[in-house]
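A quick write-up on the structure given underneath.
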Amino acid sequence: MSTPSDEHGHDHPKHELSHYAKRIYAIRDLLVEKGVITEKDIQSQIEYQEARSPANGAKLVARAWVDAAFKARFIADPKAACAEMGIDATAINEFVVLENTERVRHMVVCTLCSCYPRPILGRPADWYKSFNYRQRSVADPRGVMSEFGLEVGDDVEVRVHDSTADIRYIVLPLRPKDTDGWSEADLAKLVTRDSMIGVMDPLSAAPE
Ligand code: FE
């Protein structure tokens, strides 16, 4: 859970750090001291990690909604489609796009740990990594969706996909109704992280 002090993360005095955090800092200091990596390497890696966010996924989904040819390429060869959009997905071994339809909807989990399409969605939420989600998304996906606020009818099949070190998924949600003629940029604003994990729908088109 996020706390106010988390938001200012690096201000923690070291005595408040957990055992594992202290160990990480000690390893970092040693690696720098021995010249294996530099402070600059660490900083640029942090910036790279932080730059990856669900905005990447939202761009891909919005483009797929407005451009059928792109959508076909995105499904056939997701990593190439990412490259086309300037998104580096090369860190993912096998990347799969799961297209929701009126009859089938997809939901993504990593039952073993927390595998997640980080180049596309950034860092996973705490709930995604929780044992509760990892266990219950498989046992009762409809119940989990319902807790997110999404009721899925019995006429819709739910498929749960288990991510691994080798394979990462993104859900391509259905385009919200009443968005004809919307710009790609405006559509992207409707695409939430949770809709690309499959536990929610995108935001709906709110009348101005
Ligand atoms: Fe995992």
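Labels used: A, B, ... for chains in the order of the structure tokens, numbers from 1 for residues in each chain, and numbers from 1 for ligands as shown.
Taking only range 119-191 of chain A, the residues that DSSP calls helix (DSSP H, G or I) from the backbone come to A:Pro119, A:Ile120, A:Leu121, A:Asp126, A:Trp127, A:Tyr128, A:Lys129, A:Phe131, A:Asn132, A:Tyr133, A:Arg134, A:Gln135, A:Arg136, A:Ser137, A:Val138, A:Ala139, A:Pro141, A:Arg142, A:Gly143, A:Val144, A:Met145, A:Ser146, A:Glu147, A:Phe148, A:Glu184, A:Ala185, A:Asp186, A:Leu187, A:Ala188.
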*Test item: residues no farther than 10 Å from ligand 1, counting only C-alpha atoms and all ligand atoms, as a list in words*: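 I would give the residues around ligand 1 as Val109, Cys110, Thr111, Leu112, Cys113, Ser114, Cys115, Tyr116, Lys129, Arg134, Asp162, Ser163, Thr164, Ala165, Asp166, Ile167 and Arg168 of chain A.
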*In range 2-199 of chain A, what's strand (DSSP E) per DSSP? Answer as a list of chain:residue names?*
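Answer for range 2-199 of chain A, restricted to strand (DSSP E): A:Glu94, A:Phe95, A:Val96, A:Val97, A:Leu98, A:Glu99, A:Val104, A:Arg105, A:His106, A:Met107, A:Val108, A:Val109, A:Glu157, A:Val158, A:Arg159, A:Val160, A:His161, A:Asp162, A:Ile167, A:Arg168, A:Tyr169, A:Ile170, A:Val171, A:Leu172.
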Same residues, N, CA, C and O atoms, saved as an mmCIF file, in the first residue's frame:
```cif
data_model
loop_
_atom_site.group_PDB
_atom_site.id
_atom_site.type_symbol
_atom_site.label_atom_id
_atom_site.label_comp_id
_atom_site.auth_asym_id
_atom_site.auth_seq_id
_atom_site.Cartn_x
_atom_site.Cartn_y
_atom_site.Cartn_z
ATOM 1 N N GLU A 94 8.453 -13.498 -25.612
ATOM 2 C CA GLU A 94 7.300 -13.669 -26.487
ATOM 3 C C GLU A 94 6.168 -12.783 -25.976
ATOM 4 O O GLU A 94 5.808 -12.839 -24.797
ATOM 5 N N PHE A 95 5.644 -11.965 -26.866
ATOM 6 C CA PHE A 95 4.633 -10.985 -26.477
ATOM 7 C C PHE A 95 3.344 -11.319 -27.233
ATOM 8 O O PHE A 95 3.370 -11.480 -28.454
ATOM 9 N N VAL A 96 2.249 -11.444 -26.481
ATOM 10 C CA VAL A 96 0.991 -11.875 -27.092
ATOM 11 C C VAL A 96 -0.098 -10.856 -26.804
ATOM 12 O O VAL A 96 -0.256 -10.411 -25.661
ATOM 13 N N VAL A 97 -0.838 -10.489 -27.845
ATOM 14 C CA VAL A 97 -1.972 -9.577 -27.707
ATOM 15 C C VAL A 97 -3.258 -10.402 -27.667
ATOM 16 O O VAL A 97 -3.496 -11.231 -28.546
ATOM 17 N N LEU A 98 -4.056 -10.178 -26.631
ATOM 18 C CA LEU A 98 -5.312 -10.916 -26.454
ATOM 19 C C LEU A 98 -6.454 -9.955 -26.766
ATOM 20 O O LEU A 98 -6.681 -8.997 -26.027
ATOM 21 N N GLU A 99 -7.159 -10.228 -27.843
ATOM 22 C CA GLU A 99 -8.218 -9.314 -28.257
ATOM 23 C C GLU A 99 -9.555 -9.695 -27.618
ATOM 24 O O GLU A 99 -10.076 -10.787 -27.840
ATOM 25 N N VAL A 104 -15.900 -13.094 -25.736
ATOM 26 C CA VAL A 104 -14.758 -13.621 -24.989
ATOM 27 C C VAL A 104 -13.968 -12.467 -24.393
ATOM 28 O O VAL A 104 -13.642 -11.514 -25.099
ATOM 29 N N ARG A 105 -13.685 -12.571 -23.115
ATOM 30 C CA ARG A 105 -12.770 -11.574 -22.562
ATOM 31 C C ARG A 105 -11.624 -12.233 -21.807
ATOM 32 O O ARG A 105 -11.766 -13.324 -21.268
ATOM 33 N N HIS A 106 -10.491 -11.558 -21.854
ATOM 34 C CA HIS A 106 -9.242 -12.117 -21.341
ATOM 35 C C HIS A 106 -8.799 -11.386 -20.078
ATOM 36 O O HIS A 106 -9.079 -10.202 -19.905
ATOM 37 N N MET A 107 -8.091 -12.121 -19.243
ATOM 38 C CA MET A 107 -7.574 -11.565 -17.992
ATOM 39 C C MET A 107 -6.177 -12.145 -17.787
ATOM 40 O O MET A 107 -5.950 -13.322 -18.061
ATOM 41 N N VAL A 108 -5.249 -11.316 -17.337
ATOM 42 C CA VAL A 108 -3.849 -11.721 -17.247
ATOM 43 C C VAL A 108 -3.404 -11.785 -15.786
ATOM 44 O O VAL A 108 -3.751 -10.932 -14.969
ATOM 45 N N VAL A 109 -2.610 -12.804 -15.490
ATOM 46 C CA VAL A 109 -2.069 -12.988 -14.149
ATOM 47 C C VAL A 109 -0.680 -13.595 -14.302
ATOM 48 O O VAL A 109 -0.320 -14.068 -15.380
ATOM 49 N N GLU A 157 -17.521 -15.611 -22.291
ATOM 50 C CA GLU A 157 -16.514 -16.546 -21.793
ATOM 51 C C GLU A 157 -15.329 -15.762 -21.239
ATOM 52 O O GLU A 157 -14.899 -14.781 -21.843
ATOM 53 N N VAL A 158 -14.807 -16.194 -20.086
ATOM 54 C CA VAL A 158 -13.637 -15.538 -19.494
ATOM 55 C C VAL A 158 -12.444 -16.480 -19.616
ATOM 56 O O VAL A 158 -12.526 -17.643 -19.224
ATOM 57 N N ARG A 159 -11.357 -15.975 -20.191
ATOM 58 C CA ARG A 159 -10.139 -16.781 -20.307
ATOM 59 C C ARG A 159 -9.027 -16.112 -19.512
ATOM 60 O O ARG A 159 -8.733 -14.937 -19.724
ATOM 61 N N VAL A 160 -8.406 -16.873 -18.617
ATOM 62 C CA VAL A 160 -7.322 -16.350 -17.781
ATOM 63 C C VAL A 160 -5.996 -16.851 -18.346
ATOM 64 O O VAL A 160 -5.863 -18.036 -18.663
ATOM 65 N N HIS A 161 -5.036 -15.939 -18.487
ATOM 66 C CA HIS A 161 -3.747 -16.275 -19.094
ATOM 67 C C HIS A 161 -2.635 -16.103 -18.065
ATOM 68 O O HIS A 161 -2.518 -15.044 -17.445
ATOM 69 N N ASP A 162 -1.822 -17.142 -17.901
ATOM 70 C CA ASP A 162 -0.769 -17.134 -16.895
ATOM 71 C C ASP A 162 0.556 -16.744 -17.547
ATOM 72 O O ASP A 162 1.098 -17.467 -18.373
ATOM 73 N N ILE A 167 6.733 -15.496 -21.603
ATOM 74 C CA ILE A 167 5.591 -14.988 -22.351
ATOM 75 C C ILE A 167 4.834 -13.936 -21.546
ATOM 76 O O ILE A 167 4.555 -14.131 -20.366
ATOM 77 N N ARG A 168 4.580 -12.795 -22.190
ATOM 78 C CA ARG A 168 3.860 -11.692 -21.539
ATOM 79 C C ARG A 168 2.658 -11.333 -22.414
ATOM 80 O O ARG A 168 2.729 -11.425 -23.648
ATOM 81 N N TYR A 169 1.601 -10.890 -21.749
ATOM 82 C CA TYR A 169 0.352 -10.614 -22.447
ATOM 83 C C TYR A 169 -0.100 -9.175 -22.251
ATOM 84 O O TYR A 169 0.166 -8.567 -21.221
ATOM 85 N N ILE A 170 -0.858 -8.689 -23.221
ATOM 86 C CA ILE A 170 -1.612 -7.458 -23.026
ATOM 87 C C ILE A 170 -3.007 -7.712 -23.598
ATOM 88 O O ILE A 170 -3.153 -8.396 -24.623
ATOM 89 N N VAL A 171 -3.999 -7.207 -22.894
ATOM 90 C CA VAL A 171 -5.363 -7.323 -23.396
ATOM 91 C C VAL A 171 -5.658 -6.125 -24.280
ATOM 92 O O VAL A 171 -5.349 -4.986 -23.928
ATOM 93 N N LEU A 172 -6.223 -6.409 -25.448
ATOM 94 C CA LEU A 172 -6.721 -5.352 -26.333
ATOM 95 C C LEU A 172 -8.220 -5.238 -26.062
ATOM 96 O O LEU A 172 -9.001 -6.067 -26.521
#
```
Set out as JSON lines a contact list for range 26-127 of chain A and range 176-198 of chain A with a cut-off of 9 Å, giving each residue of range 26-127 of chain A that qualifies its closest atom pair and distance in Å to one decimal, counting only C-alpha atoms, ordered by chain and rising residue number.
```
{"residue": "A:Ser53", "atom": "CA", "partner": "A:Arg193", "partner_atom": "CA", "distance": 8.8}
{"residue": "A:Pro54", "atom": "CA", "partner": "A:Arg193", "partner_atom": "CA", "distance": 5.5}
{"residue": "A:Ala55", "atom": "CA", "partner": "A:Ala188", "partner_atom": "CA", "distance": 7.9}
{"residue": "A:Gly57", "atom": "CA", "partner": "A:Met196", "partner_atom": "CA", "distance": 7.5}
{"residue": "A:Ala58", "atom": "CA", "partner": "A:Ala188", "partner_atom": "CA", "distance": 5.0}
{"residue": "A:Lys59", "atom": "CA", "partner": "A:Ala188", "partner_atom": "CA", "distance": 5.7}
{"residue": "A:Leu60", "atom": "CA", "partner": "A:Ala188", "partner_atom": "CA", "distance": 8.3}
{"residue": "A:Val61", "atom": "CA", "partner": "A:Ala188", "partner_atom": "CA", "distance": 7.1}
{"residue": "A:Ala62", "atom": "CA", "partner": "A:Ala188", "partner_atom": "CA", "distance": 5.0}
{"residue": "A:Arg63", "atom": "CA", "partner": "A:Glu184", "partner_atom": "CA", "distance": 6.3}
{"residue": "A:Trp65", "atom": "CA", "partner": "A:Glu184", "partner_atom": "CA", "distance": 8.1}
{"residue": "A:Val66", "atom": "CA", "partner": "A:Glu184", "partner_atom": "CA", "distance": 6.8}
{"residue": "A:Asn100", "atom": "CA", "partner": "A:Gly198", "partner_atom": "CA", "distance": 8.7}
{"residue": "A:Arg105", "atom": "CA", "partner": "A:Gly198", "partner_atom": "CA", "distance": 7.4}
{"residue": "A:His106", "atom": "CA", "partner": "A:Gly198", "partner_atom": "CA", "distance": 5.7}
{"residue": "A:Met107", "atom": "CA", "partner": "A:Gly198", "partner_atom": "CA", "distance": 4.3}
{"residue": "A:Val108", "atom": "CA", "partner": "A:Ile197", "partner_atom": "CA", "distance": 5.3}
{"residue": "A:Val109", "atom": "CA", "partner": "A:Ile197", "partner_atom": "CA", "distance": 7.9}
{"residue": "A:Leu121", "atom": "CA", "partner": "A:Arg193", "partner_atom": "CA", "distance": 6.8}
```
Keeping only all heavy atoms, write the selected residues as a CSV table (one decimal), in the first residue's frame.
```
chain,number,residue,atom,x,y,z
A,53,SER,N,5.4,3.2,-18.9
A,53,SER,CA,4.2,3.4,-18.2
A,53,SER,C,3.0,2.9,-19.0
A,53,SER,O,3.2,2.6,-20.2
A,53,SER,CB,4.0,4.9,-17.8
A,53,SER,OG,3.4,5.5,-18.9
A,54,PRO,N,1.9,2.8,-18.4
A,54,PRO,CA,0.7,2.4,-19.2
A,54,PRO,C,0.4,3.3,-20.3
A,54,PRO,O,-0.4,2.9,-21.2
A,54,PRO,CB,-0.4,2.4,-18.1
A,54,PRO,CG,0.2,2.2,-16.8
A,54,PRO,CD,1.6,2.9,-17.0
A,55,ALA,N,1.0,4.4,-20.4
A,55,ALA,CA,0.8,5.3,-21.6
A,55,ALA,C,1.2,4.6,-22.8
A,55,ALA,O,0.7,4.8,-23.9
A,55,ALA,CB,1.5,6.6,-21.4
A,57,GLY,N,1.1,1.4,-23.5
A,57,GLY,CA,0.0,0.4,-23.9
A,57,GLY,C,-1.2,1.2,-24.4
A,57,GLY,O,-1.8,0.7,-25.4
A,58,ALA,N,-1.5,2.3,-23.8
A,58,ALA,CA,-2.7,3.1,-24.3
A,58,ALA,C,-2.5,3.6,-25.7
A,58,ALA,O,-3.5,3.6,-26.5
A,58,ALA,CB,-2.9,4.2,-23.3
A,59,LYS,N,-1.3,4.0,-26.0
A,59,LYS,CA,-1.0,4.4,-27.4
A,59,LYS,C,-1.2,3.3,-28.4
A,59,LYS,O,-1.8,3.5,-29.5
A,59,LYS,CB,0.5,4.8,-27.5
A,59,LYS,CG,0.7,6.3,-27.3
A,59,LYS,CD,2.2,6.6,-27.1
A,59,LYS,CE,3.0,6.3,-28.3
A,59,LYS,NZ,4.5,6.7,-28.1
A,60,LEU,N,-0.8,2.1,-28.0
A,60,LEU,CA,-0.9,0.9,-28.9
A,60,LEU,C,-2.4,0.6,-29.1
A,60,LEU,O,-2.9,0.3,-30.2
A,60,LEU,CB,-0.2,-0.3,-28.3
A,60,LEU,CG,1.3,-0.2,-28.3
A,60,LEU,CD1,2.0,-1.1,-27.3
A,60,LEU,CD2,1.9,-0.4,-29.7
A,61,VAL,N,-3.1,0.6,-28.0
A,61,VAL,CA,-4.6,0.2,-28.1
A,61,VAL,C,-5.3,1.2,-28.9
A,61,VAL,O,-6.1,0.9,-29.7
A,61,VAL,CB,-5.1,0.0,-26.6
A,61,VAL,CG1,-6.7,-0.1,-26.7
A,61,VAL,CG2,-4.5,-1.2,-25.9
A,62,ALA,N,-5.1,2.5,-28.6
A,62,ALA,CA,-5.8,3.5,-29.4
A,62,ALA,C,-5.5,3.5,-30.9
A,62,ALA,O,-6.4,3.6,-31.7
A,62,ALA,CB,-5.5,4.9,-28.8
A,63,ARG,N,-4.3,3.2,-31.2
A,63,ARG,CA,-3.9,3.1,-32.6
A,63,ARG,C,-4.6,1.8,-33.2
A,63,ARG,O,-5.2,1.9,-34.3
A,63,ARG,CB,-2.4,2.9,-32.8
A,63,ARG,CG,-1.9,2.6,-34.2
A,63,ARG,CD,-2.2,3.7,-35.2
A,63,ARG,NE,-1.5,4.9,-34.9
A,63,ARG,CZ,-0.3,5.3,-35.2
A,63,ARG,NH1,0.5,4.5,-35.9
A,63,ARG,NH2,0.2,6.5,-34.9
A,65,TRP,N,-7.5,0.7,-32.3
A,65,TRP,CA,-8.9,1.0,-32.5
A,65,TRP,C,-9.2,1.8,-33.7
A,65,TRP,O,-10.2,1.7,-34.3
A,65,TRP,CB,-9.3,1.8,-31.2
A,65,TRP,CG,-9.6,1.0,-30.0
A,65,TRP,CD1,-9.7,-0.4,-29.9
A,65,TRP,CD2,-9.7,1.4,-28.7
A,65,TRP,NE1,-9.9,-0.8,-28.6
A,65,TRP,CE2,-10.0,0.3,-27.8
A,65,TRP,CE3,-9.7,2.7,-28.1
A,65,TRP,CZ2,-10.1,0.4,-26.4
A,65,TRP,CZ3,-9.9,2.8,-26.7
A,65,TRP,CH2,-10.1,1.7,-25.9
A,66,VAL,N,-8.2,2.7,-34.1
A,66,VAL,CA,-8.5,3.6,-35.2
A,66,VAL,C,-8.0,3.0,-36.6
A,66,VAL,O,-8.4,3.5,-37.6
A,66,VAL,CB,-8.0,5.0,-35.0
A,66,VAL,CG1,-8.6,5.6,-33.8
A,66,VAL,CG2,-6.5,5.0,-34.9
A,100,ASN,N,-10.1,-8.8,-26.8
A,100,ASN,CA,-11.4,-9.0,-26.3
A,100,ASN,C,-12.5,-8.9,-27.4
A,100,ASN,O,-12.3,-8.1,-28.3
A,100,ASN,CB,-11.8,-8.0,-25.2
A,100,ASN,CG,-11.2,-8.3,-23.8
A,100,ASN,OD1,-10.6,-9.4,-23.7
A,100,ASN,ND2,-11.3,-7.4,-22.9
A,105,ARG,N,-13.7,-12.6,-23.1
A,105,ARG,CA,-12.8,-11.6,-22.6
A,105,ARG,C,-11.6,-12.2,-21.8
A,105,ARG,O,-11.8,-13.3,-21.3
A,105,ARG,CB,-13.5,-10.5,-21.7
A,105,ARG,CG,-14.3,-11.0,-20.6
A,105,ARG,CD,-14.9,-9.7,-19.9
A,105,ARG,NE,-13.8,-8.8,-19.6
A,105,ARG,CZ,-14.0,-7.4,-19.7
A,105,ARG,NH1,-15.1,-6.9,-20.1
A,105,ARG,NH2,-12.9,-6.6,-19.4
A,106,HIS,N,-10.5,-11.6,-21.9
A,106,HIS,CA,-9.2,-12.1,-21.3
A,106,HIS,C,-8.8,-11.4,-20.1
A,106,HIS,O,-9.1,-10.2,-19.9
A,106,HIS,CB,-8.1,-12.0,-22.4
A,106,HIS,CG,-8.5,-12.6,-23.7
A,106,HIS,ND1,-8.3,-14.0,-23.9
A,106,HIS,CD2,-9.0,-12.1,-24.8
A,106,HIS,CE1,-8.7,-14.3,-25.2
A,106,HIS,NE2,-9.1,-13.2,-25.7
A,107,MET,N,-8.1,-12.1,-19.2
A,107,MET,CA,-7.6,-11.6,-18.0
A,107,MET,C,-6.2,-12.1,-17.8
A,107,MET,O,-5.9,-13.3,-18.1
A,107,MET,CB,-8.5,-12.0,-16.9
A,107,MET,CG,-8.2,-11.4,-15.5
A,107,MET,SD,-9.7,-11.8,-14.5
A,107,MET,CE,-8.9,-11.8,-12.9
A,108,VAL,N,-5.2,-11.3,-17.3
A,108,VAL,CA,-3.8,-11.7,-17.2
A,108,VAL,C,-3.4,-11.8,-15.8
A,108,VAL,O,-3.8,-10.9,-15.0
A,108,VAL,CB,-3.0,-10.7,-18.0
A,108,VAL,CG1,-1.5,-11.1,-17.9
A,108,VAL,CG2,-3.4,-10.6,-19.5
A,109,VAL,N,-2.6,-12.8,-15.5
A,109,VAL,CA,-2.1,-13.0,-14.1
A,109,VAL,C,-0.7,-13.6,-14.3
A,109,VAL,O,-0.3,-14.1,-15.4
A,109,VAL,CB,-3.0,-13.9,-13.3
A,109,VAL,CG1,-3.1,-15.3,-13.9
A,109,VAL,CG2,-2.6,-14.0,-11.9
A,121,LEU,N,3.5,-1.6,-19.9
A,121,LEU,CA,2.7,-1.1,-18.8
A,121,LEU,C,3.4,-0.5,-17.6
A,121,LEU,O,2.8,-0.2,-16.6
A,121,LEU,CB,1.7,-2.2,-18.3
A,121,LEU,CG,0.7,-2.8,-19.3
A,121,LEU,CD1,-0.1,-3.9,-18.7
A,121,LEU,CD2,-0.1,-1.7,-19.9
```
*So how far away is CA of Arg28 in chain A from CA of Glu16 in chain A, in Å?*
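Value for the CA of Glu16 in chain A-CA of Arg28 in chain A distance: 17.8 Å.
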_CA of Asp77 in chain A to CA of Glu50 in chain A, distance in Å rounded to a single decimal_ =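 Answer for the CA of Asp77 in chain A to CA of Glu50 in chain A separation: 25.4 Å.
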*What separation in Å, quoted to one decimal, exists between CA of Met200 in chain A and CA of Ile46 in chain A?*
29.0 Å
